[in-house]
$ cat entry_20.cif   # mmCIF, N, CA and C atoms
data_final
#
loop_
_atom_site.label_atom_id
_atom_site.label_comp_id
_atom_site.auth_asym_id
_atom_site.auth_seq_id
_atom_site.Cartn_x
_atom_site.Cartn_y
_atom_site.Cartn_z
N MET A 460 37.84 43.77 -39.85
CA MET A 460 36.67 42.96 -39.58
C MET A 460 36.94 42.04 -38.39
N ALA A 461 35.90 41.75 -37.63
CA ALA A 461 36.02 40.87 -36.46
C ALA A 461 34.70 40.15 -36.24
N VAL A 462 34.72 39.16 -35.40
CA VAL A 462 33.48 38.48 -35.03
C VAL A 462 32.58 39.51 -34.35
N ALA A 463 31.33 39.58 -34.79
CA ALA A 463 30.41 40.59 -34.27
C ALA A 463 29.52 40.09 -33.15
N ALA A 464 29.10 38.83 -33.20
CA ALA A 464 28.18 38.31 -32.20
C ALA A 464 28.09 36.80 -32.35
N PHE A 465 27.46 36.18 -31.39
CA PHE A 465 27.17 34.76 -31.44
C PHE A 465 25.80 34.59 -32.06
N ASP A 466 25.65 33.73 -33.04
CA ASP A 466 24.37 33.55 -33.73
C ASP A 466 23.63 32.30 -33.26
N HIS A 467 24.24 31.13 -33.38
CA HIS A 467 23.58 29.91 -32.94
C HIS A 467 24.59 28.81 -32.69
N ALA A 468 24.14 27.77 -32.03
CA ALA A 468 24.91 26.56 -31.82
C ALA A 468 24.07 25.41 -32.36
N ALA A 469 24.69 24.27 -32.59
CA ALA A 469 23.97 23.09 -33.07
C ALA A 469 24.43 21.88 -32.28
N ILE A 470 23.46 21.05 -31.88
CA ILE A 470 23.78 19.84 -31.13
C ILE A 470 22.97 18.67 -31.66
N PRO A 471 23.51 17.46 -31.53
CA PRO A 471 22.72 16.28 -31.87
C PRO A 471 21.76 15.97 -30.73
N ILE A 472 20.58 15.49 -31.07
CA ILE A 472 19.61 15.11 -30.04
C ILE A 472 19.12 13.69 -30.29
N ALA A 473 18.76 13.00 -29.21
CA ALA A 473 18.27 11.63 -29.31
C ALA A 473 16.75 11.58 -29.19
N ASP A 474 16.20 12.23 -28.16
CA ASP A 474 14.77 12.17 -27.89
C ASP A 474 14.11 13.46 -28.37
N VAL A 475 13.74 13.47 -29.63
CA VAL A 475 13.22 14.68 -30.27
C VAL A 475 12.01 15.24 -29.53
N ASP A 476 11.01 14.40 -29.28
CA ASP A 476 9.78 14.89 -28.63
C ASP A 476 10.06 15.48 -27.25
N ALA A 477 10.83 14.78 -26.44
CA ALA A 477 11.12 15.26 -25.08
C ALA A 477 11.90 16.57 -25.13
N MET A 478 12.86 16.66 -26.04
CA MET A 478 13.66 17.89 -26.14
C MET A 478 12.81 19.08 -26.57
N LEU A 479 11.94 18.90 -27.56
CA LEU A 479 11.10 20.00 -28.02
C LEU A 479 10.12 20.44 -26.94
N ARG A 480 9.53 19.48 -26.22
CA ARG A 480 8.62 19.82 -25.11
C ARG A 480 9.36 20.58 -24.02
N PHE A 481 10.53 20.08 -23.65
CA PHE A 481 11.31 20.68 -22.57
C PHE A 481 11.69 22.12 -22.89
N TYR A 482 12.27 22.36 -24.05
CA TYR A 482 12.69 23.72 -24.40
C TYR A 482 11.49 24.64 -24.61
N GLY A 483 10.38 24.10 -25.10
CA GLY A 483 9.15 24.89 -25.19
C GLY A 483 8.67 25.32 -23.81
N ALA A 484 8.77 24.41 -22.83
CA ALA A 484 8.35 24.72 -21.46
C ALA A 484 9.27 25.76 -20.82
N LEU A 485 10.52 25.85 -21.29
CA LEU A 485 11.43 26.89 -20.79
C LEU A 485 11.11 28.26 -21.37
N GLY A 486 10.23 28.31 -22.37
CA GLY A 486 9.85 29.57 -22.98
C GLY A 486 10.49 29.82 -24.33
N CYS A 487 11.19 28.83 -24.87
CA CYS A 487 11.80 28.97 -26.20
C CYS A 487 10.75 28.78 -27.29
N GLU A 488 10.96 29.44 -28.42
CA GLU A 488 10.14 29.19 -29.60
C GLU A 488 10.68 27.92 -30.26
N VAL A 489 9.80 26.96 -30.49
CA VAL A 489 10.20 25.69 -31.08
C VAL A 489 9.86 25.70 -32.56
N HIS A 490 10.84 25.31 -33.39
CA HIS A 490 10.63 25.28 -34.84
C HIS A 490 10.97 23.90 -35.38
N GLU A 491 10.04 23.33 -36.12
CA GLU A 491 10.31 22.08 -36.83
C GLU A 491 10.79 22.48 -38.22
N VAL A 492 12.09 22.50 -38.41
CA VAL A 492 12.69 23.03 -39.63
C VAL A 492 12.53 22.06 -40.78
N LEU A 493 12.99 20.85 -40.62
CA LEU A 493 12.89 19.81 -41.64
C LEU A 493 12.81 18.46 -40.94
N PRO A 494 11.63 18.19 -40.30
CA PRO A 494 11.51 16.95 -39.54
C PRO A 494 11.65 15.73 -40.47
N PRO A 495 12.22 14.66 -40.03
CA PRO A 495 12.74 14.36 -38.70
C PRO A 495 14.23 14.68 -38.55
N LEU A 496 14.76 15.49 -39.46
CA LEU A 496 16.21 15.74 -39.44
C LEU A 496 16.62 16.96 -38.64
N PHE A 497 15.92 18.08 -38.82
CA PHE A 497 16.35 19.35 -38.24
C PHE A 497 15.22 20.06 -37.50
N TYR A 498 15.57 20.60 -36.34
CA TYR A 498 14.66 21.36 -35.49
C TYR A 498 15.48 22.52 -34.93
N SER A 499 14.81 23.49 -34.32
CA SER A 499 15.54 24.54 -33.62
C SER A 499 14.67 25.12 -32.52
N VAL A 500 15.35 25.74 -31.56
CA VAL A 500 14.67 26.51 -30.52
C VAL A 500 15.31 27.88 -30.50
N ALA A 501 14.47 28.91 -30.39
CA ALA A 501 14.95 30.29 -30.42
C ALA A 501 14.57 30.99 -29.13
N PHE A 502 15.44 31.89 -28.71
CA PHE A 502 15.23 32.70 -27.51
C PHE A 502 16.02 33.97 -27.71
N GLY A 503 15.35 35.12 -27.58
CA GLY A 503 16.02 36.39 -27.86
C GLY A 503 16.55 36.41 -29.29
N ASP A 504 17.78 36.82 -29.46
CA ASP A 504 18.41 36.86 -30.77
C ASP A 504 19.24 35.60 -31.05
N ASN A 505 19.02 34.55 -30.31
CA ASN A 505 19.84 33.35 -30.41
C ASN A 505 18.98 32.13 -30.70
N LYS A 506 19.67 31.06 -31.14
CA LYS A 506 18.96 29.80 -31.31
C LYS A 506 19.93 28.65 -31.20
N ILE A 507 19.35 27.49 -30.91
CA ILE A 507 20.09 26.24 -30.90
C ILE A 507 19.44 25.37 -31.97
N ASN A 508 20.23 24.92 -32.93
CA ASN A 508 19.74 23.96 -33.92
C ASN A 508 19.89 22.56 -33.35
N PHE A 509 18.87 21.75 -33.56
CA PHE A 509 18.88 20.36 -33.12
C PHE A 509 19.00 19.46 -34.33
N HIS A 510 19.98 18.58 -34.31
CA HIS A 510 20.14 17.58 -35.37
C HIS A 510 19.53 16.28 -34.86
N GLY A 511 18.43 15.84 -35.51
CA GLY A 511 17.79 14.59 -35.13
C GLY A 511 18.68 13.40 -35.43
N PRO A 512 18.31 12.22 -34.90
CA PRO A 512 19.12 11.02 -35.10
C PRO A 512 19.42 10.69 -36.56
N GLY A 513 18.52 11.05 -37.45
CA GLY A 513 18.75 10.78 -38.87
C GLY A 513 19.93 11.53 -39.45
N THR A 514 20.36 12.59 -38.77
CA THR A 514 21.52 13.34 -39.26
C THR A 514 22.79 12.88 -38.58
N TRP A 515 22.83 12.94 -37.25
CA TRP A 515 24.10 12.65 -36.57
C TRP A 515 24.47 11.17 -36.62
N CYS A 516 23.52 10.30 -36.93
CA CYS A 516 23.84 8.87 -37.08
C CYS A 516 24.27 8.54 -38.51
N SER A 517 24.14 9.49 -39.41
CA SER A 517 24.46 9.26 -40.82
C SER A 517 25.89 9.66 -41.13
N SER A 518 26.59 8.80 -41.84
CA SER A 518 27.96 9.14 -42.25
C SER A 518 27.95 10.16 -43.39
N GLU A 519 26.80 10.38 -44.00
CA GLU A 519 26.69 11.34 -45.09
C GLU A 519 26.55 12.77 -44.60
N PHE A 520 26.08 12.97 -43.37
CA PHE A 520 25.93 14.31 -42.81
C PHE A 520 27.21 14.67 -42.07
N THR A 521 28.01 15.53 -42.66
CA THR A 521 29.33 15.85 -42.10
C THR A 521 29.42 17.26 -41.51
N LEU A 522 28.34 18.04 -41.56
CA LEU A 522 28.38 19.40 -41.01
C LEU A 522 28.10 19.37 -39.51
N ARG A 523 28.99 18.69 -38.79
CA ARG A 523 28.87 18.54 -37.34
C ARG A 523 30.23 18.15 -36.80
N GLY A 524 30.37 18.22 -35.50
CA GLY A 524 31.60 17.73 -34.88
C GLY A 524 31.67 16.22 -35.08
N PRO A 525 32.81 15.70 -35.46
CA PRO A 525 32.90 14.28 -35.80
C PRO A 525 32.60 13.33 -34.65
N SER A 526 32.74 13.78 -33.42
CA SER A 526 32.46 12.89 -32.29
C SER A 526 31.24 13.33 -31.48
N ALA A 527 30.46 14.27 -32.03
CA ALA A 527 29.30 14.80 -31.31
C ALA A 527 28.22 13.72 -31.15
N LYS A 528 27.77 13.57 -29.92
CA LYS A 528 26.69 12.65 -29.57
C LYS A 528 25.75 13.40 -28.63
N PRO A 529 24.48 12.98 -28.53
CA PRO A 529 23.57 13.66 -27.61
C PRO A 529 24.15 13.75 -26.20
N GLY A 530 23.93 14.90 -25.60
CA GLY A 530 24.45 15.17 -24.26
C GLY A 530 25.77 15.90 -24.27
N CYS A 531 26.25 16.32 -25.45
CA CYS A 531 27.56 16.98 -25.55
C CYS A 531 27.49 18.48 -25.33
N GLY A 532 26.29 19.05 -25.20
CA GLY A 532 26.15 20.49 -25.08
C GLY A 532 26.30 21.01 -23.66
N ASP A 533 26.75 22.24 -23.55
CA ASP A 533 26.92 22.93 -22.28
C ASP A 533 26.61 24.40 -22.57
N PHE A 534 25.42 24.85 -22.18
CA PHE A 534 24.95 26.19 -22.53
C PHE A 534 24.64 27.01 -21.30
N CYS A 535 24.88 28.31 -21.39
CA CYS A 535 24.50 29.23 -20.32
C CYS A 535 23.47 30.21 -20.88
N PHE A 536 22.33 30.28 -20.23
CA PHE A 536 21.25 31.19 -20.61
C PHE A 536 21.16 32.31 -19.58
N VAL A 537 20.90 33.53 -20.04
CA VAL A 537 20.63 34.64 -19.14
C VAL A 537 19.14 34.55 -18.79
N TRP A 538 18.84 34.44 -17.51
CA TRP A 538 17.45 34.37 -17.05
C TRP A 538 16.94 35.78 -16.84
N ASP A 539 15.82 36.11 -17.48
CA ASP A 539 15.23 37.43 -17.41
C ASP A 539 14.17 37.45 -16.32
N GLY A 540 14.61 37.35 -15.10
CA GLY A 540 13.73 37.33 -13.95
C GLY A 540 14.58 37.16 -12.71
N THR A 541 13.95 36.88 -11.61
CA THR A 541 14.67 36.72 -10.35
C THR A 541 15.09 35.26 -10.17
N ALA A 542 16.02 35.06 -9.23
CA ALA A 542 16.43 33.70 -8.89
C ALA A 542 15.24 32.91 -8.34
N GLY A 543 14.38 33.59 -7.61
CA GLY A 543 13.18 32.93 -7.07
C GLY A 543 12.24 32.48 -8.18
N GLN A 544 12.05 33.31 -9.19
CA GLN A 544 11.20 32.93 -10.32
C GLN A 544 11.80 31.76 -11.09
N LEU A 545 13.12 31.74 -11.22
CA LEU A 545 13.78 30.62 -11.88
C LEU A 545 13.55 29.34 -11.09
N ALA A 546 13.74 29.40 -9.78
CA ALA A 546 13.54 28.24 -8.92
C ALA A 546 12.10 27.72 -9.03
N GLU A 547 11.14 28.64 -9.06
CA GLU A 547 9.72 28.25 -9.20
C GLU A 547 9.47 27.54 -10.52
N MET A 548 10.03 28.08 -11.60
CA MET A 548 9.84 27.47 -12.91
C MET A 548 10.45 26.07 -12.96
N LEU A 549 11.65 25.92 -12.43
CA LEU A 549 12.31 24.61 -12.44
C LEU A 549 11.54 23.61 -11.58
N ALA A 550 11.00 24.06 -10.45
CA ALA A 550 10.19 23.19 -9.60
C ALA A 550 8.92 22.77 -10.32
N ARG A 551 8.29 23.71 -11.01
CA ARG A 551 7.07 23.42 -11.77
C ARG A 551 7.34 22.37 -12.84
N LEU A 552 8.52 22.43 -13.46
CA LEU A 552 8.89 21.46 -14.49
C LEU A 552 9.45 20.18 -13.91
N ASP A 553 9.60 20.13 -12.58
CA ASP A 553 10.14 18.97 -11.88
C ASP A 553 11.53 18.61 -12.39
N VAL A 554 12.36 19.65 -12.56
CA VAL A 554 13.72 19.48 -13.05
C VAL A 554 14.68 19.51 -11.86
N PRO A 555 15.45 18.44 -11.66
CA PRO A 555 16.41 18.44 -10.55
C PRO A 555 17.54 19.45 -10.79
N ILE A 556 17.93 20.14 -9.74
CA ILE A 556 19.04 21.09 -9.83
C ILE A 556 20.34 20.33 -9.59
N VAL A 557 21.28 20.49 -10.51
CA VAL A 557 22.58 19.84 -10.40
C VAL A 557 23.46 20.60 -9.42
N GLU A 558 23.41 21.93 -9.51
CA GLU A 558 24.19 22.78 -8.62
C GLU A 558 23.60 24.18 -8.62
N GLY A 559 23.71 24.84 -7.49
CA GLY A 559 23.31 26.23 -7.41
C GLY A 559 22.09 26.46 -6.57
N PRO A 560 21.78 27.75 -6.45
CA PRO A 560 22.47 28.88 -7.07
C PRO A 560 23.85 29.14 -6.45
N VAL A 561 24.79 29.47 -7.33
CA VAL A 561 26.17 29.77 -6.94
C VAL A 561 26.63 31.00 -7.71
N ALA A 562 27.56 31.75 -7.13
CA ALA A 562 28.09 32.94 -7.80
C ALA A 562 29.02 32.52 -8.93
N ARG A 563 28.81 33.10 -10.12
CA ARG A 563 29.64 32.83 -11.29
C ARG A 563 29.82 34.14 -12.07
N VAL A 564 30.98 34.27 -12.70
CA VAL A 564 31.21 35.40 -13.60
C VAL A 564 30.77 34.96 -14.98
N GLY A 565 29.84 35.71 -15.57
CA GLY A 565 29.30 35.36 -16.88
C GLY A 565 29.99 36.07 -18.02
N GLY A 566 29.42 35.90 -19.19
CA GLY A 566 29.96 36.48 -20.41
C GLY A 566 29.97 38.00 -20.43
N ARG A 567 29.19 38.61 -19.59
CA ARG A 567 29.16 40.08 -19.50
C ARG A 567 30.28 40.62 -18.61
N GLY A 568 31.04 39.71 -18.00
CA GLY A 568 32.09 40.13 -17.08
C GLY A 568 31.56 40.49 -15.71
N LEU A 569 30.29 40.22 -15.46
CA LEU A 569 29.65 40.51 -14.18
C LEU A 569 29.40 39.22 -13.42
N THR A 570 29.34 39.31 -12.11
CA THR A 570 29.01 38.15 -11.30
C THR A 570 27.50 38.06 -11.16
N GLY A 571 26.99 36.88 -11.41
CA GLY A 571 25.57 36.60 -11.26
C GLY A 571 25.39 35.33 -10.44
N GLN A 572 24.15 34.96 -10.23
CA GLN A 572 23.83 33.71 -9.54
C GLN A 572 23.44 32.67 -10.58
N SER A 573 24.16 31.55 -10.61
CA SER A 573 23.92 30.51 -11.61
C SER A 573 23.33 29.26 -10.99
N THR A 574 22.40 28.68 -11.73
CA THR A 574 21.78 27.40 -11.36
C THR A 574 21.95 26.47 -12.55
N TYR A 575 22.35 25.23 -12.26
CA TYR A 575 22.64 24.25 -13.30
C TYR A 575 21.63 23.10 -13.27
N ILE A 576 21.17 22.71 -14.46
CA ILE A 576 20.27 21.57 -14.62
C ILE A 576 20.72 20.77 -15.85
N ARG A 577 20.03 19.69 -16.14
CA ARG A 577 20.26 18.92 -17.37
C ARG A 577 18.95 18.81 -18.13
N ASP A 578 19.06 18.85 -19.47
CA ASP A 578 17.87 18.67 -20.31
C ASP A 578 17.63 17.17 -20.52
N PRO A 579 16.57 16.78 -21.23
CA PRO A 579 16.26 15.35 -21.39
C PRO A 579 17.38 14.51 -22.02
N ASP A 580 18.23 15.10 -22.82
CA ASP A 580 19.35 14.36 -23.42
C ASP A 580 20.63 14.43 -22.58
N GLY A 581 20.59 15.14 -21.46
CA GLY A 581 21.75 15.21 -20.57
C GLY A 581 22.66 16.40 -20.79
N ASN A 582 22.31 17.31 -21.70
CA ASN A 582 23.11 18.52 -21.89
C ASN A 582 23.06 19.35 -20.61
N LEU A 583 24.18 19.99 -20.27
CA LEU A 583 24.23 20.83 -19.08
C LEU A 583 23.73 22.23 -19.44
N LEU A 584 22.76 22.71 -18.67
CA LEU A 584 22.21 24.05 -18.87
C LEU A 584 22.46 24.88 -17.62
N GLU A 585 23.04 26.04 -17.82
CA GLU A 585 23.26 26.99 -16.75
C GLU A 585 22.33 28.17 -16.99
N PHE A 586 21.68 28.62 -15.93
CA PHE A 586 20.86 29.82 -15.99
C PHE A 586 21.50 30.83 -15.06
N ILE A 587 21.94 31.96 -15.62
CA ILE A 587 22.57 32.99 -14.79
C ILE A 587 21.61 34.16 -14.62
N VAL A 588 21.51 34.62 -13.39
CA VAL A 588 20.68 35.79 -13.04
C VAL A 588 21.65 36.90 -12.67
N TYR A 589 21.69 37.93 -13.50
CA TYR A 589 22.55 39.09 -13.20
C TYR A 589 21.82 40.04 -12.26
N PRO A 590 22.59 40.78 -11.46
CA PRO A 590 21.94 41.76 -10.58
C PRO A 590 21.24 42.84 -11.40
N ALA A 591 20.15 43.35 -10.84
CA ALA A 591 19.36 44.38 -11.54
C ALA A 591 20.12 45.68 -11.64
#
$ encode --input "entry_20.cif" --output "structure tokens"
Amino acid sequence: MAVAAFDHAAIPIADVDAMLRFYGALGCEVHEVLPPLFYSVAFGDNKINFHGPGTWCSSEFTLRGPSAKPGCGDFCFVWDGTAGQLAEMLARLDVPIVEGPVARVGGRGLTGQSTYIRDPDGNLLEFIVYPA
């Protein structure tokens, strides 16, 4: 037996409304799992669980990294479109680009063009565009 795939990640969030709006605008499915404690966003076969302030600020909720605070995430998403379409979407959302596009080797072992931004809580998001 071995690890078969990546299923989901979980991060603490501070600004619930801004985070849900932002990820919805990126095209993710937004789910209010158990508000105000738990939310999630889904894309493809993956999802990110969001722990609202009522969870990560509580000493009773221990199913998290002990030092996790909002802004601790660093995620790479595969963009299903062109680099130009990604740039247009980010401009439409008025999201500043931190870096890129730059050549990076992704999880597929292939070189793609990556663009980096930050979400409303400061998590680093990378969008990689693989060659067709």
$ select_by_dssp --input "entry_20.cif" --residues "chain A" --states "helix (DSSP H, G or I)" --output "list in words"
Val475, Asp476, Ala477, Met478, Leu479, Arg480, Phe481, Tyr482, Gly483, Ala484, Pro512, Gly513, Thr514, Trp515, Ala542, Gly543, Gln544, Leu545, Ala546, Glu547, Met548, Leu549, Ala550 and Arg551 of chain A
$ residues_around --input "entry_20.cif" --residues "segment 543-549 of chain A" --least-positions-apart "6" --cutoff "9 Å" --atoms "only C-alpha atoms" --output "ChimeraX atom specification"
/A:485,555-556,574,576,586,588
$ resolve_selection --input "entry_20.cif" --expression "the PyMOL selection byres ((chain A and resi 515-517) around 8)" --output "PyMOL selection string"
chain A and resi 470-472+496+510-514+518-521+523+527-528
$ atom_distance --input "entry_20.cif" --atom1 "atom C of Ala464 of chain A" --atom2 "atom C of Thr541 of chain A"
25.8 Å
$ resolve_selection --input "entry_20.cif" --expression "the PyMOL selection byres ((chain A and resi 501) around 7)" --output "PDB file with N, CA and C atoms, in the frame of the given file"
ATOM      1  N   GLY A 486      10.230  28.310 -22.370  1.00  0.00           N
ATOM      2  CA  GLY A 486       9.850  29.570 -22.980  1.00  0.00           C
ATOM      3  C   GLY A 486      10.490  29.820 -24.330  1.00  0.00           C
ATOM      4  N   CYS A 487      11.190  28.830 -24.870  1.00  0.00           N
ATOM      5  CA  CYS A 487      11.800  28.970 -26.200  1.00  0.00           C
ATOM      6  C   CYS A 487      10.750  28.780 -27.290  1.00  0.00           C
ATOM      7  N   GLU A 488      10.960  29.440 -28.420  1.00  0.00           N
ATOM      8  CA  GLU A 488      10.140  29.190 -29.600  1.00  0.00           C
ATOM      9  C   GLU A 488      10.680  27.920 -30.260  1.00  0.00           C
ATOM     10  N   VAL A 489       9.800  26.960 -30.490  1.00  0.00           N
ATOM     11  CA  VAL A 489      10.200  25.690 -31.080  1.00  0.00           C
ATOM     12  C   VAL A 489       9.860  25.700 -32.560  1.00  0.00           C
ATOM     13  N   HIS A 490      10.840  25.310 -33.390  1.00  0.00           N
ATOM     14  CA  HIS A 490      10.630  25.280 -34.840  1.00  0.00           C
ATOM     15  C   HIS A 490      10.970  23.900 -35.380  1.00  0.00           C
ATOM     16  N   SER A 499      14.810  23.490 -34.320  1.00  0.00           N
ATOM     17  CA  SER A 499      15.540  24.540 -33.620  1.00  0.00           C
ATOM     18  C   SER A 499      14.670  25.120 -32.520  1.00  0.00           C
ATOM     19  N   VAL A 500      15.350  25.740 -31.560  1.00  0.00           N
ATOM     20  CA  VAL A 500      14.670  26.510 -30.520  1.00  0.00           C
ATOM     21  C   VAL A 500      15.310  27.880 -30.500  1.00  0.00           C
ATOM     22  N   PHE A 502      15.440  31.890 -28.710  1.00  0.00           N
ATOM     23  CA  PHE A 502      15.230  32.700 -27.510  1.00  0.00           C
ATOM     24  C   PHE A 502      16.020  33.970 -27.710  1.00  0.00           C
ATOM     25  N   GLY A 503      15.350  35.120 -27.580  1.00  0.00           N
ATOM     26  CA  GLY A 503      16.020  36.390 -27.860  1.00  0.00           C
ATOM     27  C   GLY A 503      16.550  36.410 -29.290  1.00  0.00           C
ATOM     28  N   ASP A 504      17.780  36.820 -29.460  1.00  0.00           N
ATOM     29  CA  ASP A 504      18.410  36.860 -30.770  1.00  0.00           C
ATOM     30  C   ASP A 504      19.240  35.600 -31.050  1.00  0.00           C
ATOM     31  N   ASN A 505      19.020  34.550 -30.310  1.00  0.00           N
ATOM     32  CA  ASN A 505      19.840  33.350 -30.410  1.00  0.00           C
ATOM     33  C   ASN A 505      18.980  32.130 -30.700  1.00  0.00           C
ATOM     34  N   LYS A 506      19.670  31.060 -31.140  1.00  0.00           N
ATOM     35  CA  LYS A 506      18.960  29.800 -31.310  1.00  0.00           C
ATOM     36  C   LYS A 506      19.930  28.650 -31.200  1.00  0.00           C
ATOM     37  N   ILE A 507      19.350  27.490 -30.910  1.00  0.00           N
ATOM     38  CA  ILE A 507      20.090  26.240 -30.900  1.00  0.00           C
ATOM     39  C   ILE A 507      19.440  25.370 -31.970  1.00  0.00           C
TER      40      ILE A 507
END
$ closest_residue --input "entry_20.cif" --among "A:Ser526, A:Tyr575, A:Asp553, A:Asn508" --to "His467 of chain A" --atoms "all atoms listed in the file"
A:Asn508
$ atom_distance --input "entry_20.cif" --atom1 "atom C of Ala484 of chain A" --atom2 "atom N of Ala463 of chain A"
29.5 Å
$ closest_residue --input "entry_20.cif" --among "A:Gly524, A:Phe509, A:Asp474, A:Glu585" --to "Glu491 of chain A" --atoms "only C-alpha atoms"
A:Phe509
$ select_by_dssp --input "entry_20.cif" --residues "segment 467-527 of chain A" --states "strand (DSSP E or B)" --output "ChimeraX atom specification"
/A:467-471,488-493,497-502,505-510
$ build_atoms --input "entry_20.cif" --residues "segment 529-536 of chain A" --atoms "all heavy atoms" --output "mmCIF file, in the frame of the given file"
data_model
loop_
_atom_site.group_PDB
_atom_site.id
_atom_site.type_symbol
_atom_site.label_atom_id
_atom_site.label_comp_id
_atom_site.auth_asym_id
_atom_site.auth_seq_id
_atom_site.Cartn_x
_atom_site.Cartn_y
_atom_site.Cartn_z
ATOM 1 N N PRO A 529 24.480 12.980 -28.530
ATOM 2 C CA PRO A 529 23.570 13.660 -27.610
ATOM 3 C C PRO A 529 24.150 13.750 -26.200
ATOM 4 O O PRO A 529 24.801 12.819 -25.719
ATOM 5 C CB PRO A 529 22.325 12.770 -27.645
ATOM 6 C CG PRO A 529 22.355 12.193 -29.035
ATOM 7 C CD PRO A 529 23.817 11.920 -29.289
ATOM 8 N N GLY A 530 23.930 14.900 -25.600
ATOM 9 C CA GLY A 530 24.450 15.170 -24.260
ATOM 10 C C GLY A 530 25.770 15.900 -24.270
ATOM 11 O O GLY A 530 26.366 16.118 -23.229
ATOM 12 N N CYS A 531 26.250 16.320 -25.450
ATOM 13 C CA CYS A 531 27.560 16.980 -25.550
ATOM 14 C C CYS A 531 27.490 18.480 -25.330
ATOM 15 O O CYS A 531 28.519 19.131 -25.252
ATOM 16 C CB CYS A 531 28.204 16.691 -26.916
ATOM 17 S SG CYS A 531 27.304 17.399 -28.315
ATOM 18 N N GLY A 532 26.290 19.050 -25.200
ATOM 19 C CA GLY A 532 26.150 20.490 -25.080
ATOM 20 C C GLY A 532 26.300 21.010 -23.660
ATOM 21 O O GLY A 532 26.034 20.308 -22.682
ATOM 22 N N ASP A 533 26.750 22.240 -23.550
ATOM 23 C CA ASP A 533 26.920 22.930 -22.280
ATOM 24 C C ASP A 533 26.610 24.400 -22.570
ATOM 25 O O ASP A 533 27.408 25.093 -23.190
ATOM 26 C CB ASP A 533 28.350 22.740 -21.796
ATOM 27 C CG ASP A 533 28.621 23.363 -20.440
ATOM 28 O OD1 ASP A 533 27.813 24.192 -19.959
ATOM 29 O OD2 ASP A 533 29.668 23.040 -19.863
ATOM 30 N N PHE A 534 25.420 24.850 -22.180
ATOM 31 C CA PHE A 534 24.950 26.190 -22.530
ATOM 32 C C PHE A 534 24.640 27.010 -21.300
ATOM 33 O O PHE A 534 24.146 26.477 -20.305
ATOM 34 C CB PHE A 534 23.673 26.101 -23.386
ATOM 35 C CG PHE A 534 23.843 25.318 -24.639
ATOM 36 C CD1 PHE A 534 23.366 24.020 -24.732
ATOM 37 C CD2 PHE A 534 24.494 25.865 -25.733
ATOM 38 C CE1 PHE A 534 23.521 23.287 -25.894
ATOM 39 C CE2 PHE A 534 24.661 25.138 -26.900
ATOM 40 C CZ PHE A 534 24.175 23.844 -26.980
ATOM 41 N N CYS A 535 24.880 28.310 -21.390
ATOM 42 C CA CYS A 535 24.500 29.230 -20.320
ATOM 43 C C CYS A 535 23.470 30.210 -20.880
ATOM 44 O O CYS A 535 23.732 30.880 -21.880
ATOM 45 C CB CYS A 535 25.715 29.977 -19.789
ATOM 46 S SG CYS A 535 25.273 31.138 -18.471
ATOM 47 N N PHE A 536 22.330 30.280 -20.230
ATOM 48 C CA PHE A 536 21.250 31.190 -20.610
ATOM 49 C C PHE A 536 21.160 32.310 -19.580
ATOM 50 O O PHE A 536 21.281 32.062 -18.385
ATOM 51 C CB PHE A 536 19.907 30.459 -20.636
ATOM 52 C CG PHE A 536 19.835 29.314 -21.596
ATOM 53 C CD1 PHE A 536 20.044 28.011 -21.161
ATOM 54 C CD2 PHE A 536 19.561 29.528 -22.936
ATOM 55 C CE1 PHE A 536 19.969 26.949 -22.038
ATOM 56 C CE2 PHE A 536 19.491 28.472 -23.830
ATOM 57 C CZ PHE A 536 19.700 27.184 -23.376
#
